[in-house]
>>> print(open('query18.cif').read())   # mmCIF, C-alpha atoms
data_entry
loop_
_atom_site.label_atom_id
_atom_site.label_comp_id
_atom_site.auth_asym_id
_atom_site.auth_seq_id
_atom_site.Cartn_x
_atom_site.Cartn_y
_atom_site.Cartn_z
CA MET U 1 62.15 36.68 37.88
CA HIS U 2 63.68 35.85 34.54
CA HIS U 3 61.68 37.24 31.62
CA PRO U 4 61.41 34.67 28.81
CA LYS U 5 60.86 36.19 25.40
CA GLY U 6 59.02 34.47 22.59
CA VAL U 7 56.49 32.61 24.75
CA ARG U 8 52.78 32.03 24.30
CA TYR U 9 50.31 34.22 26.12
CA PRO U 10 47.36 33.84 28.51
CA ALA U 11 43.74 34.88 28.12
CA ARG U 12 41.56 36.69 30.65
CA ASN U 13 39.72 34.89 33.48
CA VAL U 14 42.35 32.21 33.96
CA VAL U 15 41.78 30.46 37.25
CA ASN U 16 44.51 30.03 39.83
CA ARG U 17 46.67 27.12 38.71
CA ALA U 18 49.69 27.88 40.85
CA SER U 19 49.41 24.51 42.58
CA ARG U 20 49.92 22.79 39.25
CA GLY U 21 53.31 24.44 38.75
CA LEU U 22 54.72 26.36 35.82
CA ALA U 23 54.15 23.57 33.31
CA GLY U 24 50.46 23.46 34.18
CA ALA U 25 50.18 27.21 33.76
CA ALA U 26 51.94 26.94 30.43
CA PHE U 27 49.40 24.38 29.23
CA ALA U 28 46.55 26.63 30.32
CA ILE U 29 48.06 29.44 28.28
CA VAL U 30 48.35 27.33 25.13
CA THR U 31 44.85 25.87 25.52
CA LEU U 32 43.24 29.27 25.91
CA LEU U 33 45.38 30.67 23.15
CA SER U 34 43.78 28.25 20.70
CA SER U 35 40.24 29.40 21.48
CA PRO U 36 38.71 32.18 19.37
CA ALA U 37 39.23 35.70 20.64
CA SER U 38 36.20 37.55 21.92
CA ALA U 39 34.50 39.80 19.40
CA THR U 40 34.13 42.56 22.00
CA PRO U 41 35.51 45.82 20.50
CA ALA U 42 38.65 47.24 22.05
CA PRO U 43 37.73 49.99 24.54
CA VAL U 44 40.40 52.43 23.33
CA ALA U 45 41.26 53.98 20.00
CA SER U 46 42.62 51.46 17.51
CA PRO U 47 46.00 51.98 15.84
CA ASP U 48 46.06 53.89 12.56
CA TYR U 49 48.17 51.81 10.21
CA SER U 50 48.31 54.62 7.68
CA ARG U 51 50.83 56.17 10.11
CA PRO U 52 54.45 55.06 9.64
CA ASP U 53 54.96 54.89 13.42
CA ALA U 54 52.41 52.06 13.66
CA TRP U 55 54.91 49.83 11.84
CA LEU U 56 58.24 48.42 12.93
CA CYS U 57 59.21 47.66 9.33
CA ARG U 58 58.00 49.00 6.00
CA PRO U 59 59.97 49.11 2.74
CA ASP U 60 58.87 52.68 1.93
CA ARG U 61 60.57 54.25 4.96
CA PRO U 62 64.14 55.60 5.11
CA ALA U 63 66.47 52.92 6.46
CA ALA U 64 67.49 55.09 9.39
CA SER U 65 63.90 55.24 10.71
CA ASP U 66 62.97 51.63 9.94
CA VAL U 67 63.78 48.85 12.41
CA CYS U 68 64.52 46.38 9.62
CA GLY U 69 66.35 48.91 7.51
CA ARG U 70 68.83 49.87 10.21
CA SER U 71 69.31 46.34 11.56
CA ASN U 72 72.82 44.92 11.37
CA GLN U 73 72.51 41.31 10.23
CA ASP U 74 76.20 40.52 9.76
CA ALA U 75 77.33 37.17 11.15
CA LEU U 76 80.62 35.68 12.25
CA VAL U 77 80.99 32.24 10.68
CA ILE U 78 82.88 29.95 13.06
CA ARG U 79 84.08 26.67 11.61
CA ALA U 80 84.65 23.54 13.64
CA ASP U 81 88.40 24.15 13.66
CA GLY U 82 87.88 27.56 15.27
CA SER U 83 88.68 29.61 12.16
CA THR U 84 86.35 32.49 11.38
CA ARG U 85 85.16 34.79 8.62
CA VAL U 86 82.59 37.58 8.53
CA GLU U 87 79.44 37.10 6.43
CA HIS U 88 77.99 40.48 5.44
CA PHE U 89 74.26 40.81 4.94
CA ARG U 90 72.58 42.71 2.14
CA ALA U 91 68.83 43.12 1.71
CA ASP U 92 67.39 42.83 -1.78
CA PRO U 93 65.56 46.07 -2.62
CA GLN U 94 64.12 44.41 -5.75
CA ALA U 95 62.73 41.34 -3.98
CA PRO U 96 59.68 40.15 -5.96
CA VAL U 97 57.60 38.99 -2.96
CA ASP U 98 56.53 40.41 0.40
CA CYS U 99 56.82 39.13 3.96
CA PHE U 100 54.28 40.08 6.64
CA TYR U 101 55.51 39.33 10.18
CA VAL U 102 53.79 39.13 13.56
CA TYR U 103 56.24 38.92 16.45
CA PRO U 104 55.99 36.73 19.58
CA THR U 105 55.35 37.69 23.21
CA VAL U 106 58.09 40.15 24.10
CA SER U 107 56.47 43.28 25.54
CA LEU U 108 57.77 44.43 28.91
CA ASP U 109 54.88 46.89 29.35
CA PRO U 110 53.29 46.49 32.82
CA GLY U 111 49.66 46.03 31.74
CA GLY U 112 47.85 43.05 30.26
CA ASN U 113 48.16 44.47 26.74
CA ALA U 114 51.10 46.34 25.27
CA THR U 115 51.00 49.97 24.28
CA MET U 116 51.92 51.18 20.80
CA HIS U 117 55.27 52.40 22.08
CA VAL U 118 58.28 50.76 20.44
CA GLY U 119 60.48 49.30 23.17
CA ARG U 120 63.91 47.77 22.96
CA GLU U 121 62.32 44.32 23.14
CA GLU U 122 60.29 44.84 19.95
CA VAL U 123 63.40 46.12 18.20
CA ALA U 124 65.44 43.15 19.45
CA VAL U 125 62.96 40.52 18.30
CA VAL U 126 62.67 42.07 14.83
CA ASN U 127 66.45 42.12 14.59
CA GLN U 128 66.64 38.47 15.63
CA GLN U 129 63.69 36.97 13.76
CA PHE U 130 62.66 39.07 10.80
CA ALA U 131 65.12 41.61 9.40
CA ARG U 132 67.16 38.88 7.70
CA PHE U 133 64.17 37.95 5.52
CA GLY U 134 64.97 41.13 3.60
CA ALA U 135 67.30 38.94 1.55
CA VAL U 136 64.23 37.51 -0.22
CA CYS U 137 61.25 39.81 0.38
CA ARG U 138 59.96 43.29 1.12
CA ARG U 139 59.41 43.48 4.88
CA TYR U 140 56.21 44.52 6.68
CA ALA U 141 55.97 44.22 10.46
CA PRO U 142 53.14 46.01 12.29
CA LEU U 143 53.35 47.09 15.90
CA TYR U 144 50.37 45.69 17.82
CA ARG U 145 48.92 45.64 21.32
CA GLN U 146 49.89 42.11 22.17
CA VAL U 147 49.24 40.33 25.44
CA THR U 148 52.34 41.02 27.51
CA LEU U 149 54.96 39.13 29.45
CA ALA U 150 53.52 40.76 32.57
CA ALA U 151 50.23 39.00 31.89
CA LEU U 152 52.02 35.71 31.26
CA HIS U 153 53.96 35.92 34.51
CA ALA U 154 50.91 37.03 36.49
CA ASN U 155 49.05 33.96 35.26
CA MET U 156 51.95 31.70 36.20
CA ARG U 157 51.93 33.20 39.69
CA GLY U 158 48.23 32.40 39.98
CA ALA U 159 47.18 36.07 40.05
CA PRO U 160 46.03 36.85 36.49
CA ILE U 161 45.55 40.42 35.33
CA PRO U 162 42.97 41.58 32.76
CA THR U 163 43.99 41.02 29.15
CA ASP U 164 42.23 41.48 25.82
CA ARG U 165 43.14 38.91 23.18
CA ALA U 166 40.59 40.39 20.82
CA MET U 167 42.54 43.66 20.89
CA ALA U 168 45.73 41.94 19.74
CA TYR U 169 43.93 40.08 16.95
CA GLU U 170 42.01 43.13 15.73
CA ASP U 171 45.26 45.11 15.51
CA VAL U 172 46.87 42.42 13.37
CA LYS U 173 43.78 42.17 11.18
CA ARG U 174 43.66 45.95 10.75
CA ALA U 175 47.33 46.02 9.75
CA TRP U 176 46.76 43.18 7.28
CA ASP U 177 43.76 44.94 5.77
CA TYR U 178 45.77 48.14 5.36
CA TYR U 179 48.65 46.24 3.76
CA LEU U 180 46.31 44.52 1.28
CA ALA U 181 44.56 47.77 0.36
CA HIS U 182 47.63 49.99 0.01
CA ASP U 183 50.82 47.94 -0.36
CA ASN U 184 50.31 44.46 -1.75
CA GLN U 185 49.34 45.34 -5.33
CA GLY U 186 48.78 41.69 -6.18
CA ARG U 187 52.21 40.51 -5.04
CA ALA U 188 52.81 37.09 -3.50
CA VAL U 189 53.24 37.28 0.26
CA VAL U 190 54.72 35.09 3.00
CA LEU U 191 53.05 35.22 6.41
CA ILE U 192 55.63 34.76 9.18
CA GLY U 193 54.87 34.36 12.88
CA HIS U 194 56.31 32.96 16.06
CA SER U 195 54.42 31.88 19.18
CA GLN U 196 51.75 34.53 19.91
CA GLY U 197 52.36 35.85 16.42
CA SER U 198 51.77 32.40 14.92
CA ALA U 199 48.53 32.00 16.84
CA LEU U 200 47.25 35.36 15.61
CA LEU U 201 48.21 34.60 12.02
CA ALA U 202 46.51 31.20 12.21
CA GLN U 203 43.33 32.94 13.33
CA LEU U 204 43.69 35.53 10.56
CA ILE U 205 44.07 32.78 7.97
CA LYS U 206 40.97 30.95 9.20
CA ASN U 207 38.87 34.11 9.38
CA GLU U 208 40.07 36.25 6.47
CA ILE U 209 42.19 34.30 3.98
CA GLU U 210 41.40 30.62 3.56
CA GLY U 211 38.80 29.96 0.90
CA LYS U 212 38.82 33.55 -0.32
CA PRO U 213 40.46 35.06 -3.43
CA VAL U 214 43.34 36.48 -1.38
CA GLN U 215 44.49 32.92 -0.59
CA ASP U 216 45.95 32.80 -4.10
CA ARG U 217 48.46 35.46 -3.05
CA LEU U 218 49.95 33.29 -0.30
CA LEU U 219 53.41 32.18 -1.33
CA SER U 220 53.63 30.29 1.96
CA VAL U 221 52.95 30.52 5.68
CA ILE U 222 55.56 30.09 8.42
CA LEU U 223 54.13 29.34 11.88
CA ALA U 224 57.11 28.76 14.17
CA GLY U 225 56.68 27.78 17.80
CA TYR U 226 53.09 26.66 17.27
CA ARG U 227 51.17 23.38 17.41
CA LEU U 228 49.09 23.52 14.23
CA GLN U 229 46.63 20.63 14.32
CA VAL U 230 46.14 18.28 11.36
CA PRO U 231 44.38 14.92 11.08
CA VAL U 232 46.74 12.09 12.05
CA GLY U 233 48.98 11.23 9.11
CA LYS U 234 47.52 13.92 6.86
CA ALA U 235 49.00 17.05 5.27
CA VAL U 236 45.74 18.99 5.06
CA GLY U 237 42.69 19.39 7.26
CA GLY U 238 42.29 20.17 10.92
CA GLU U 239 42.83 23.85 11.72
CA PHE U 240 43.21 24.78 8.06
CA LYS U 241 40.70 23.20 5.71
CA ALA U 242 42.45 23.81 2.39
CA ILE U 243 46.03 25.00 3.03
CA PRO U 244 48.36 21.97 3.17
CA LEU U 245 51.67 21.43 4.88
CA CYS U 246 54.71 22.07 2.69
CA ARG U 247 56.18 18.74 1.57
CA ALA U 248 58.32 19.71 -1.45
CA ALA U 249 61.05 22.29 -2.01
CA GLN U 250 59.16 24.34 -4.59
CA GLN U 251 55.63 23.81 -3.31
CA THR U 252 53.72 27.07 -2.81
CA GLY U 253 50.57 28.08 -0.96
CA CYS U 254 51.52 25.78 1.92
CA VAL U 255 52.50 25.90 5.61
CA ILE U 256 55.83 25.38 7.35
CA THR U 257 55.23 24.84 11.06
CA PHE U 258 57.27 23.32 13.87
CA ALA U 259 58.26 23.45 17.53
CA SER U 260 61.90 22.70 18.29
CA PHE U 261 63.29 20.51 21.07
CA ARG U 262 66.72 19.12 21.77
CA ALA U 263 66.86 15.60 20.35
CA ASP U 264 68.09 14.31 23.71
CA SER U 265 65.37 16.21 25.60
CA PRO U 266 62.08 15.56 23.74
CA PRO U 267 58.69 16.67 25.06
CA PRO U 268 57.81 14.74 28.21
CA PRO U 269 55.27 11.94 27.62
CA ASP U 270 52.63 13.84 29.60
CA GLY U 271 53.58 17.18 28.07
CA ARG U 272 50.59 19.07 26.74
CA VAL U 273 52.14 22.20 25.25
CA PHE U 274 54.20 22.15 22.04
CA GLY U 275 54.13 19.10 19.81
CA ALA U 276 51.01 17.70 21.51
CA SER U 277 47.66 16.73 20.06
CA ALA U 278 44.68 18.93 20.85
CA GLY U 279 42.16 16.10 20.61
CA PRO U 280 41.24 12.69 19.20
CA GLY U 281 42.23 12.13 15.59
CA LEU U 282 44.53 15.16 15.56
CA GLU U 283 48.26 15.64 15.84
CA ALA U 284 50.65 18.57 15.93
CA ALA U 285 52.09 19.18 12.48
CA CYS U 286 55.85 19.26 11.99
CA VAL U 287 57.56 20.45 8.82
CA ASN U 288 61.37 20.51 8.85
CA PRO U 289 62.51 23.84 7.34
CA ALA U 290 65.80 22.19 6.40
CA SER U 291 64.09 19.38 4.46
CA LEU U 292 60.47 19.94 3.56
CA ALA U 293 60.17 16.44 2.15
CA GLY U 294 61.28 14.94 5.46
CA GLY U 295 64.40 13.41 6.94
CA ALA U 296 67.36 14.92 8.74
CA ALA U 297 69.29 17.85 7.28
CA PRO U 298 71.81 20.49 8.43
CA LEU U 299 70.48 23.70 9.93
CA HIS U 300 71.60 27.10 8.66
CA ALA U 301 71.20 28.77 12.03
CA TYR U 302 71.93 32.38 12.89
CA LEU U 303 72.37 32.47 16.66
CA GLY U 304 72.46 35.70 18.64
CA SER U 305 76.05 36.32 19.64
CA GLY U 306 75.42 38.13 22.94
CA ALA U 307 73.47 37.56 26.15
CA GLU U 308 71.46 40.72 25.53
CA MET U 309 69.80 39.18 22.49
CA VAL U 310 66.47 37.34 22.39
CA THR U 311 68.39 34.04 22.48
CA ALA U 312 69.29 34.59 26.15
CA SER U 313 67.26 32.22 28.29
CA GLY U 314 68.50 32.53 31.82
CA GLU U 315 71.70 30.83 30.73
CA GLN U 316 74.39 32.84 29.02
CA GLN U 317 76.19 31.49 26.01
CA GLY U 318 79.76 30.61 26.85
CA PRO U 319 82.76 31.38 24.63
CA TRP U 320 82.19 30.54 21.00
CA THR U 321 85.78 29.36 20.49
CA ASN U 322 88.70 27.95 22.46
CA PRO U 323 90.63 30.13 23.08
CA PRO U 324 87.83 32.72 23.18
CA THR U 325 87.29 34.92 20.14
CA THR U 326 85.89 38.44 20.39
CA VAL U 327 82.62 38.47 18.44
CA ARG U 328 81.62 41.94 17.21
CA GLU U 329 78.88 40.80 14.87
CA PRO U 330 75.32 40.38 16.22
CA PHE U 331 75.04 36.83 14.87
CA VAL U 332 77.11 33.68 14.85
CA LYS U 333 76.93 30.82 12.33
CA VAL U 334 78.21 27.39 13.34
CA PRO U 335 78.23 25.26 10.16
CA GLY U 336 78.07 21.56 10.82
CA LEU U 337 77.10 21.85 14.49
CA LEU U 338 73.31 21.54 14.17
CA SER U 339 70.86 19.38 12.26
CA ALA U 340 67.12 18.81 12.51
CA GLU U 341 64.45 16.25 11.69
CA CYS U 342 60.79 15.86 12.56
CA ARG U 343 60.21 13.09 15.07
CA SER U 344 57.22 11.40 16.64
CA GLU U 345 57.69 10.26 20.24
CA ALA U 346 55.18 9.63 23.01
CA ASN U 347 52.29 11.11 21.00
CA HIS U 348 54.25 14.24 20.19
CA ASN U 349 55.48 15.55 16.84
CA PHE U 350 58.39 17.98 17.09
CA LEU U 351 61.51 19.28 15.36
CA ALA U 352 64.40 17.40 16.97
CA ILE U 353 67.60 19.45 17.11
CA THR U 354 70.81 17.41 17.21
CA LEU U 355 74.22 18.82 18.09
CA HIS U 356 77.27 17.33 16.39
CA PRO U 357 80.22 18.10 18.67
CA ASP U 358 83.73 18.29 17.31
CA PRO U 359 86.25 16.44 19.51
CA ARG U 360 88.92 19.03 18.80
CA GLY U 361 87.02 21.50 20.97
CA ARG U 362 88.11 24.58 19.02
CA ARG U 363 84.49 25.72 18.66
CA THR U 364 81.70 25.51 21.20
CA ASN U 365 79.71 22.30 21.26
CA ALA U 366 76.85 23.83 23.24
CA ILE U 367 74.06 26.33 22.61
CA VAL U 368 71.53 27.99 24.91
CA GLY U 369 67.85 28.50 24.13
CA ASP U 370 65.73 26.57 26.63
CA VAL U 371 62.92 28.39 28.40
CA VAL U 372 64.00 28.97 32.02
CA ILE U 373 61.79 30.63 34.64
CA ASP U 374 62.83 31.12 38.25
CA GLY U 375 65.82 28.92 37.59
CA ARG U 376 63.68 26.05 36.31
CA ARG U 377 63.84 24.73 32.77
CA LEU U 378 60.39 24.08 31.32
CA PRO U 379 60.65 20.75 29.46
CA ASP U 380 57.29 21.28 27.70
CA TRP U 381 58.70 24.33 25.89
CA GLY U 382 61.91 22.92 24.43
CA LEU U 383 64.02 25.41 22.44
CA HIS U 384 61.05 27.71 21.96
CA ARG U 385 63.16 30.79 22.54
CA ILE U 386 65.28 30.15 19.44
CA ASP U 387 62.84 28.40 17.08
CA VAL U 388 63.47 31.03 14.42
CA ASN U 389 67.21 31.54 15.00
CA LEU U 390 67.80 27.83 14.52
CA THR U 391 65.99 27.65 11.18
CA ILE U 392 66.07 31.12 9.64
CA GLY U 393 68.68 30.35 6.98
CA ASN U 394 66.69 27.31 5.86
CA LEU U 395 63.44 29.28 5.87
CA ILE U 396 64.99 31.91 3.62
CA ASP U 397 66.22 29.18 1.27
CA ALA U 398 62.67 27.77 1.19
CA ILE U 399 61.16 31.16 0.33
CA ARG U 400 63.74 31.63 -2.42
CA ALA U 401 62.81 28.28 -4.00
CA GLN U 402 59.09 29.00 -3.63
CA THR U 403 59.55 32.41 -5.26
CA GLN U 404 61.31 30.85 -8.23
CA ALA U 405 58.51 28.30 -8.60
CA ARG U 406 55.85 31.01 -8.36
CA LEU U 407 57.50 33.20 -10.97
CA ALA U 408 57.98 30.26 -13.31
CA ASP U 409 54.33 29.28 -12.88
CA ARG U 410 53.15 32.84 -13.62
CA ARG U 411 55.28 32.95 -16.77
#
>>> encode(input="query18.cif", output="structure tokens")
Amino acid sequence: MHHPKGVRYPARNVVNRASRGLAGAAFAIVTLLSSPASATPAPVASPDYSRPDAWLCRPDRPAASDVCGRSNQDALVIRADGSTRVEHFRADPQAPVDCFYVYPTVSLDPGGNATMHVGREEVAVVNQQFARFGAVCRRYAPLYRQVTLAALHANMRGAPIPTDRAMAYEDVKRAWDYYLAHDNQGRAVVLIGHSQGSALLAQLIKNEIEGKPVQDRLLSVILAGYRLQVPVGKAVGGEFKAIPLCRAAQQTGCVITFASFRADSPPPPDGRVFGASAGPGLEAACVNPASLAGGAAPLHAYLGSGAEMVTASGEQQGPWTNPPTTVREPFVKVPGLLSAECRSEANHNFLAITLHPDPRGRRTNAIVGDVVIDGRRLPDWGLHRIDVNLTIGNLIDAIRAQTQARLADRR
């Protein structure tokens, strides 16, 4: 069975929905994901976030022992005519703001909840989704006992295994509390999540941040691969009572959230996963990272260059150029190939990704990223696997503009 990374996770006591197919199981996962986690304490010792090994990334660790610090973020830029150049990445050690990241469902551990062991999958997702944010912020990424891929797949097979969503949330909360007490020192911070990570951060915001003094420290919130609910046509309300959607380039204290789909393969009309409303009077929010004010704009994507990366989705990326070019860098940039805009179709709001093929054919006109399980593409999930890869350059640009606005305001 193909293991999709970056997908939402199931809760305990999910009934057998095998007869409804994979899409039905996916909807059950998302629905249960949105419900509050049980307050039952975790039955085993909680992680100690004063220990460096409880973190994947921290700015106070030597680069060689830090996942972010040792990550190679260089990219091969491939132009439409097939010409290339290498773009070297450099983190900013003097970045004036922080980023706190909660990663999506990637654990290959066999139980319902992950252990605190760092596997190659946690390293890979940090490399793909978070290390690059070091260009604009100090990076904090806690390890946590997330609900695993094994639990997701067991639910889809109609044979759920015990999981503890409260454990995952309490780990993230404990890491956040430690960061605030020992590391933040009043600095502005960006919360960044994808999929399961976005759901946990949304819960953290509702429980611990919104309406409290610490909310003033939020530079912004990025909830990728999530269906944040807002009142129809509104920028504030719904899940968050006071934190609005970002609608201007230098707006701070706001949320960027989206779920990406191919423009020519939007969510199905009866789709109930990403982009869908959770109830009457509500709609899934969509903020285009490439144009916060709305409209279509080019994407500054950093796509994983090899099939071993998180971007693999059951389909392998073909050659990036014609004739094929050897790509040694972990990322590829394809300027001019991709653009995005928020669209509303069939009661869904989503980030529509459009490809702009070049007739000369010197560079690929195709990308992979759909969620594929057992050889079947899940139309409800769109390009969930590469939500962050598609938009990461634009998200970094947004944080840079927000930082400038914040510093100017404080002066």
>>> residues_around(input="query18.cif", residues="region 79-81 of chain U", least_positions_apart="4", cutoff="12 Å", atoms="only C-alpha atoms", output="list in words")
Arg85, Val86, Trp320, Thr321, Asn322, Pro323, Val332, Lys333, Val334, Pro335, Gly336, Leu337, Leu338, His356, Pro357, Asp358, Pro359, Arg360, Gly361, Arg362, Arg363, Thr364 and Asn365 of chain U
>>> resolve_selection(input="query18.cif", expression="the PyMOL selection byres ((chain U and resi 186) around 12)", output="JSON, numbers by chain")
{"U": [96, 97, 98, 179, 180, 181, 182, 183, 184, 185, 187, 188, 189, 213, 214, 215, 216, 217, 218, 219]}
>>> resolve_selection(input="query18.cif", expression="the PyMOL selection byres ((chain U and resi 107) around 8)", output="number ranges by chain")
U: 105-106, 108-109, 114, 119, 121-122, 146-149
>>> resolve_selection(input="query18.cif", expression="the PyMOL selection byres ((chain U and resi 301-307) around 8)", output="PDB file with C-alpha atoms, in the coordinates of the input")
ATOM      1  CA  ALA U  75      77.330  37.170  11.150  1.00  0.00           C
ATOM      2  CA  GLN U 128      66.640  38.470  15.630  1.00  0.00           C
ATOM      3  CA  LEU U 299      70.480  23.700   9.930  1.00  0.00           C
ATOM      4  CA  HIS U 300      71.600  27.100   8.660  1.00  0.00           C
ATOM      5  CA  GLU U 308      71.460  40.720  25.530  1.00  0.00           C
ATOM      6  CA  MET U 309      69.800  39.180  22.490  1.00  0.00           C
ATOM      7  CA  VAL U 310      66.470  37.340  22.390  1.00  0.00           C
ATOM      8  CA  THR U 311      68.390  34.040  22.480  1.00  0.00           C
ATOM      9  CA  ALA U 312      69.290  34.590  26.150  1.00  0.00           C
ATOM     10  CA  GLN U 316      74.390  32.840  29.020  1.00  0.00           C
ATOM     11  CA  GLN U 317      76.190  31.490  26.010  1.00  0.00           C
ATOM     12  CA  VAL U 327      82.620  38.470  18.440  1.00  0.00           C
ATOM     13  CA  GLU U 329      78.880  40.800  14.870  1.00  0.00           C
ATOM     14  CA  PRO U 330      75.320  40.380  16.220  1.00  0.00           C
ATOM     15  CA  PHE U 331      75.040  36.830  14.870  1.00  0.00           C
ATOM     16  CA  VAL U 332      77.110  33.680  14.850  1.00  0.00           C
ATOM     17  CA  LYS U 333      76.930  30.820  12.330  1.00  0.00           C
ATOM     18  CA  VAL U 334      78.210  27.390  13.340  1.00  0.00           C
ATOM     19  CA  LEU U 338      73.310  21.540  14.170  1.00  0.00           C
ATOM     20  CA  ILE U 386      65.280  30.150  19.440  1.00  0.00           C
ATOM     21  CA  ASN U 389      67.210  31.540  15.000  1.00  0.00           C
ATOM     22  CA  LEU U 390      67.800  27.830  14.520  1.00  0.00           C
ATOM     23  CA  THR U 391      65.990  27.650  11.180  1.00  0.00           C
ATOM     24  CA  ILE U 392      66.070  31.120   9.640  1.00  0.00           C
ATOM     25  CA  GLY U 393      68.680  30.350   6.980  1.00  0.00           C
ATOM     26  CA  ASN U 394      66.690  27.310   5.860  1.00  0.00           C
TER      27      ASN U 394
END
>>> residues_around(input="query18.cif", residues="Thr403 (chain U)", least_positions_apart="2", cutoff="12 Å", atoms="all atoms listed in the file", output="ChimeraX atom specification")
/U:95-99,136-137,187-190,217-220,249-253,396-401,405-410
>>> atom_distance(input="query18.cif", atom1="CA of Ala166 (chain U)", atom2="CA of Pro142 (chain U)")
16.2 Å
>>> closest_atom_pairs(input="query18.cif", of="region 161-275 of chain U", to="region 49-60 of chain U", cutoff="8 Å", atoms="only C-alpha atoms", output="tab-separated table")
residue	atom	partner	partner_atom	distance
U:Arg174	CA	U:Tyr49	CA	7.4
U:Ala175	CA	U:Tyr49	CA	5.9
U:Tyr178	CA	U:Tyr49	CA	6.5
>>> atom_distance(input="query18.cif", atom1="CA of Arg145 (chain U)", atom2="CA of Ala168 (chain U)")
5.1 Å
>>> closest_residue(input="query18.cif", among="U:Cys68, U:Val230, U:Val368, U:Ala259", to="Arg138 (chain U)", atoms="only C-alpha atoms")
U:Cys68
>>> atom_distance(input="query18.cif", atom1="CA of Gly134 (chain U)", atom2="CA of Ala91 (chain U)")
4.7 Å
>>> residues_near_point(input="query18.cif", point="(42.5, 21.0, 1.4)", cutoff="12 Å", atoms="all atoms listed in the file", output="count of residues only")
19
>>> decode(input="query18.cif", residues="region 328-343 of chain U", atoms="N, CA and C atoms", output="compact mmCIF listing (two decimals), in the first residue's frame")
# COMPACT_ATOMS: atom_id res chain seq x y z
N ARG U 328 21.08 17.66 -9.05
CA ARG U 328 21.77 17.29 -7.82
C ARG U 328 21.21 18.02 -6.60
N GLU U 329 20.53 19.10 -6.83
CA GLU U 329 19.96 19.87 -5.73
C GLU U 329 18.67 19.21 -5.24
N PRO U 330 18.32 19.39 -3.96
CA PRO U 330 17.10 18.76 -3.44
C PRO U 330 15.81 19.42 -3.91
N PHE U 331 15.89 20.63 -4.46
CA PHE U 331 14.70 21.34 -4.89
C PHE U 331 14.86 21.82 -6.32
N VAL U 332 13.69 22.00 -6.95
CA VAL U 332 13.63 22.55 -8.30
C VAL U 332 12.66 23.73 -8.29
N LYS U 333 13.04 24.83 -8.94
CA LYS U 333 12.15 25.96 -9.17
C LYS U 333 11.81 26.02 -10.65
N VAL U 334 10.55 26.29 -10.95
CA VAL U 334 10.09 26.31 -12.34
C VAL U 334 9.38 27.63 -12.61
N PRO U 335 10.11 28.74 -12.67
CA PRO U 335 9.46 30.05 -12.81
C PRO U 335 8.57 30.12 -14.05
N GLY U 336 7.37 30.66 -13.83
CA GLY U 336 6.43 30.83 -14.91
C GLY U 336 5.52 29.65 -15.16
N LEU U 337 5.78 28.51 -14.56
CA LEU U 337 4.98 27.32 -14.82
C LEU U 337 3.68 27.30 -14.03
N LEU U 338 3.69 27.88 -12.81
CA LEU U 338 2.56 27.71 -11.90
C LEU U 338 2.00 29.05 -11.43
N SER U 339 0.69 29.12 -11.34
CA SER U 339 0.04 30.27 -10.72
C SER U 339 -1.11 29.76 -9.88
N ALA U 340 -1.64 30.65 -9.02
CA ALA U 340 -2.72 30.24 -8.11
C ALA U 340 -3.70 31.37 -7.92
N GLU U 341 -4.96 31.00 -7.65
CA GLU U 341 -5.98 31.94 -7.23
C GLU U 341 -7.03 31.18 -6.43
N CYS U 342 -7.65 31.88 -5.49
CA CYS U 342 -8.74 31.27 -4.74
C CYS U 342 -9.99 31.26 -5.60
N ARG U 343 -10.66 30.11 -5.61
CA ARG U 343 -11.88 29.96 -6.39
C ARG U 343 -13.00 29.39 -5.54
